[in-house]
Amino acid sequence: MALLLASCALGYQHWTGSALEQALASSSDHLAPTISLISEPAPLAERTPVVMLHGMGDSGTNPGMRSLCDTASGKYPGLHVVCSTVADGAASITTTLDKQIEEFTASVRADAKLANGFTAVGLSQGNLVLRGYIQRVNDPPVHKYISMCGPHNGVGTCPDNVLYKLICPLWRLDSYGAPIAFSDYWKDVADKATYLKKSRWLADMNNEREAKNATYVKNLKSLTQLVFVEALQDTMVVPHASETMGFWAWGSPGSVVPLNATTAYKEDWLGLKAMAETKKLVTYSYQGEHLRWSSAFWDQTILPFLAD
């Protein structure tokens, strides 16, 4: 076992070098889409600042993320928009979510324009950092939270793409304990007891254990708006129902349970049922792959949430 763990550690160290950088450079399906503004700019007005956080393997300075931030400031002149560079590139893979939340907290607290709060927009894995910040920190507070393709209820498979083909062989040696972000939201529905015992992040964040964290519920319910967006042909987040807090049934991989049929929703472990009943929680979907929504969807469905 000691030899196995030593080999695993050496593998993780190797990821920080050329192999991981090459994998990131050779694949684009994890990157934010390049979006254009379609509608006319709105009148100048005072608005809540916006912080956008990229997904795994992406960067706040990459073209796709810049286009998303630019459409927000283009639509709403004078809007303070931050394209966060927390855990850029390989760091988003090799840094655990708790550490990324710490870095995000420091970054927003360092921006005086965010002192009174902000709207948060997350992509893919970046949504877990944002939700972790809201539930655990929320100072300065998030007023609205928009989640684009976030794996909120975990992932049940290792995706079949270039990037994950590098990561998964080593990750499988210690699926819940590997020192990478992916282990933080892994969920094996074949073994509920092991998940609840060993999950170091997701089981706690989703209030899935017997002892519930009331602060998590209070902070989420403090949002004026929570938006979940699901990609209906997503092959990166599997099952894609996770993006709207659904998942496979325990013991039945492939049998999807939507949010409103989950025990977590019925017993309101996170306050989502109460938020849905007051229209504070809304969900949307689009036909397409992971992070591959259209400019029209972004312009007509998402940008209006940034208007005030």
# chains A, B, ... in the order shown; residues from 1 in each chain; ligands from 1
>>> closest_atom_pairs(of="segment 104-163 of chain A", to="segment 80-99 of chain A", cutoff="12 Å", atoms="only C-alpha atoms", output="JSON lines")
{"residue": "A:Phe104", "atom": "CA", "partner": "A:Val86", "partner_atom": "CA", "distance": 6.0}
{"residue": "A:Thr105", "atom": "CA", "partner": "A:Val86", "partner_atom": "CA", "distance": 9.7}
{"residue": "A:Ala106", "atom": "CA", "partner": "A:Val86", "partner_atom": "CA", "distance": 9.7}
{"residue": "A:Ser107", "atom": "CA", "partner": "A:Val86", "partner_atom": "CA", "distance": 7.7}
{"residue": "A:Val108", "atom": "CA", "partner": "A:Ser84", "partner_atom": "CA", "distance": 9.0}
{"residue": "A:Asp111", "atom": "CA", "partner": "A:Val82", "partner_atom": "CA", "distance": 9.5}
{"residue": "A:Ala112", "atom": "CA", "partner": "A:His80", "partner_atom": "CA", "distance": 11.1}
{"residue": "A:Lys113", "atom": "CA", "partner": "A:His80", "partner_atom": "CA", "distance": 7.7}
{"residue": "A:Leu114", "atom": "CA", "partner": "A:His80", "partner_atom": "CA", "distance": 8.8}
{"residue": "A:Gly117", "atom": "CA", "partner": "A:His80", "partner_atom": "CA", "distance": 11.7}
{"residue": "A:Phe118", "atom": "CA", "partner": "A:His80", "partner_atom": "CA", "distance": 9.5}
{"residue": "A:Thr119", "atom": "CA", "partner": "A:Val81", "partner_atom": "CA", "distance": 9.5}
{"residue": "A:Ala120", "atom": "CA", "partner": "A:Val82", "partner_atom": "CA", "distance": 9.7}
{"residue": "A:Val121", "atom": "CA", "partner": "A:Cys83", "partner_atom": "CA", "distance": 9.8}
{"residue": "A:Gly122", "atom": "CA", "partner": "A:Ser84", "partner_atom": "CA", "distance": 10.0}
{"residue": "A:Leu123", "atom": "CA", "partner": "A:Ser84", "partner_atom": "CA", "distance": 11.3}
{"residue": "A:Ser124", "atom": "CA", "partner": "A:Ser92", "partner_atom": "CA", "distance": 11.3}
{"residue": "A:Gln125", "atom": "CA", "partner": "A:Ser92", "partner_atom": "CA", "distance": 8.6}
{"residue": "A:Gly126", "atom": "CA", "partner": "A:Ser92", "partner_atom": "CA", "distance": 8.6}
{"residue": "A:Asn127", "atom": "CA", "partner": "A:Leu97", "partner_atom": "CA", "distance": 10.5}
{"residue": "A:Leu128", "atom": "CA", "partner": "A:Leu97", "partner_atom": "CA", "distance": 7.5}
{"residue": "A:Val129", "atom": "CA", "partner": "A:Leu97", "partner_atom": "CA", "distance": 6.2}
{"residue": "A:Leu130", "atom": "CA", "partner": "A:Leu97", "partner_atom": "CA", "distance": 9.9}
{"residue": "A:Arg131", "atom": "CA", "partner": "A:Leu97", "partner_atom": "CA", "distance": 10.6}
{"residue": "A:Gly132", "atom": "CA", "partner": "A:Asp98", "partner_atom": "CA", "distance": 8.0}
{"residue": "A:Tyr133", "atom": "CA", "partner": "A:Asp98", "partner_atom": "CA", "distance": 9.2}
{"residue": "A:Arg136", "atom": "CA", "partner": "A:Asp98", "partner_atom": "CA", "distance": 10.2}
{"residue": "A:Val137", "atom": "CA", "partner": "A:Asp98", "partner_atom": "CA", "distance": 11.5}
{"residue": "A:Leu163", "atom": "CA", "partner": "A:Ile93", "partner_atom": "CA", "distance": 10.2}
>>> select_by_dssp(residues="segment 24-230 of chain A", states="strand (DSSP E)", output="PyMOL selection string")
chain A and resi 50-53+81-83+118-123+142-148+225-230
>>> residues_around(residues="Pro41 of chain A", least_positions_apart="3", cutoff="10 Å", atoms="only C-alpha atoms", output="PyMOL selection string")
chain A and resi 37-38+44+71-77
>>> write_last_selection(atoms="N, CA and C atoms", output="PDB file, in the first residue's frame")
ATOM      1  N   LEU A  37     -22.390  39.411 -28.087  1.00  0.00           N
ATOM      2  CA  LEU A  37     -23.569  40.142 -27.645  1.00  0.00           C
ATOM      3  C   LEU A  37     -24.487  40.366 -28.848  1.00  0.00           C
ATOM      4  N   ILE A  38     -25.749  40.006 -28.695  1.00  0.00           N
ATOM      5  CA  ILE A  38     -26.717  40.141 -29.780  1.00  0.00           C
ATOM      6  C   ILE A  38     -27.580  41.381 -29.604  1.00  0.00           C
ATOM      7  N   LEU A  44     -27.385  53.355 -19.171  1.00  0.00           N
ATOM      8  CA  LEU A  44     -26.441  53.433 -18.060  1.00  0.00           C
ATOM      9  C   LEU A  44     -27.211  53.490 -16.746  1.00  0.00           C
ATOM     10  N   THR A  71     -19.451  40.471 -22.776  1.00  0.00           N
ATOM     11  CA  THR A  71     -20.859  40.655 -23.140  1.00  0.00           C
ATOM     12  C   THR A  71     -21.637  41.267 -21.973  1.00  0.00           C
ATOM     13  N   ALA A  72     -21.249  40.942 -20.756  1.00  0.00           N
ATOM     14  CA  ALA A  72     -21.937  41.506 -19.584  1.00  0.00           C
ATOM     15  C   ALA A  72     -21.691  43.003 -19.482  1.00  0.00           C
ATOM     16  N   SER A  73     -20.433  43.401 -19.615  1.00  0.00           N
ATOM     17  CA  SER A  73     -20.124  44.829 -19.537  1.00  0.00           C
ATOM     18  C   SER A  73     -20.586  45.566 -20.785  1.00  0.00           C
ATOM     19  N   GLY A  74     -20.655  44.868 -21.918  1.00  0.00           N
ATOM     20  CA  GLY A  74     -21.167  45.486 -23.140  1.00  0.00           C
ATOM     21  C   GLY A  74     -22.670  45.710 -23.086  1.00  0.00           C
ATOM     22  N   LYS A  75     -23.378  44.751 -22.490  1.00  0.00           N
ATOM     23  CA  LYS A  75     -24.824  44.883 -22.360  1.00  0.00           C
ATOM     24  C   LYS A  75     -25.190  45.948 -21.342  1.00  0.00           C
ATOM     25  N   TYR A  76     -24.409  46.023 -20.266  1.00  0.00           N
ATOM     26  CA  TYR A  76     -24.712  46.942 -19.166  1.00  0.00           C
ATOM     27  C   TYR A  76     -23.525  47.878 -18.935  1.00  0.00           C
ATOM     28  N   PRO A  77     -23.475  48.993 -19.666  1.00  0.00           N
ATOM     29  CA  PRO A  77     -22.354  49.933 -19.555  1.00  0.00           C
ATOM     30  C   PRO A  77     -22.122  50.363 -18.104  1.00  0.00           C
TER      31      PRO A  77
END
>>> residues_around(residues="Asn62 of chain A", least_positions_apart="4", cutoff="9 Å", atoms="only C-alpha atoms", output="ChimeraX atom specification")
/A:31-32,58,66-67
>>> residues_around(residues="segment 276-288 of chain A", least_positions_apart="6", cutoff="7 Å", atoms="only C-alpha atoms", output="ChimeraX atom specification")
/A:224-234,244
>>> select_by_dssp(residues="segment 6-147 of chain A", states="alpha helix (DSSP H)", output="ChimeraX atom specification")
/A:6-15,18-26,63-75,91-94,97-109,126-136
>>> atom_distance(atom1="atom CA of Asp268 of chain A", atom2="atom CA of Tyr195 of chain A")
20.2 Å
>>> residues_around(residues="Thr34 of chain A", least_positions_apart="5", cutoff="9 Å", atoms="only C-alpha atoms", output="number ranges by chain")
A: 63-68, 295
>>> write_last_selection(atoms="N, CA and C atoms", output="CSV table (one decimal), in the first residue's frame")
chain,number,residue,atom,x,y,z
A,63,PRO,N,-10.0,33.3,-24.1
A,63,PRO,CA,-10.9,34.0,-25.0
A,63,PRO,C,-12.4,33.7,-24.7
A,64,GLY,N,-12.8,32.5,-24.4
A,64,GLY,CA,-14.2,32.2,-24.0
A,64,GLY,C,-14.6,33.0,-22.8
A,65,MET,N,-13.9,32.9,-21.7
A,65,MET,CA,-14.2,33.6,-20.5
A,65,MET,C,-14.2,35.1,-20.7
A,66,ARG,N,-13.3,35.6,-21.5
A,66,ARG,CA,-13.2,37.0,-21.7
A,66,ARG,C,-14.5,37.5,-22.5
A,67,SER,N,-15.0,36.6,-23.4
A,67,SER,CA,-16.1,37.0,-24.2
A,67,SER,C,-17.4,37.0,-23.3
A,68,LEU,N,-17.5,36.1,-22.3
A,68,LEU,CA,-18.6,36.1,-21.4
A,68,LEU,C,-18.6,37.4,-20.6
A,295,SER,N,-25.0,32.0,-28.3
A,295,SER,CA,-25.0,33.4,-28.0
A,295,SER,C,-26.5,33.9,-27.7
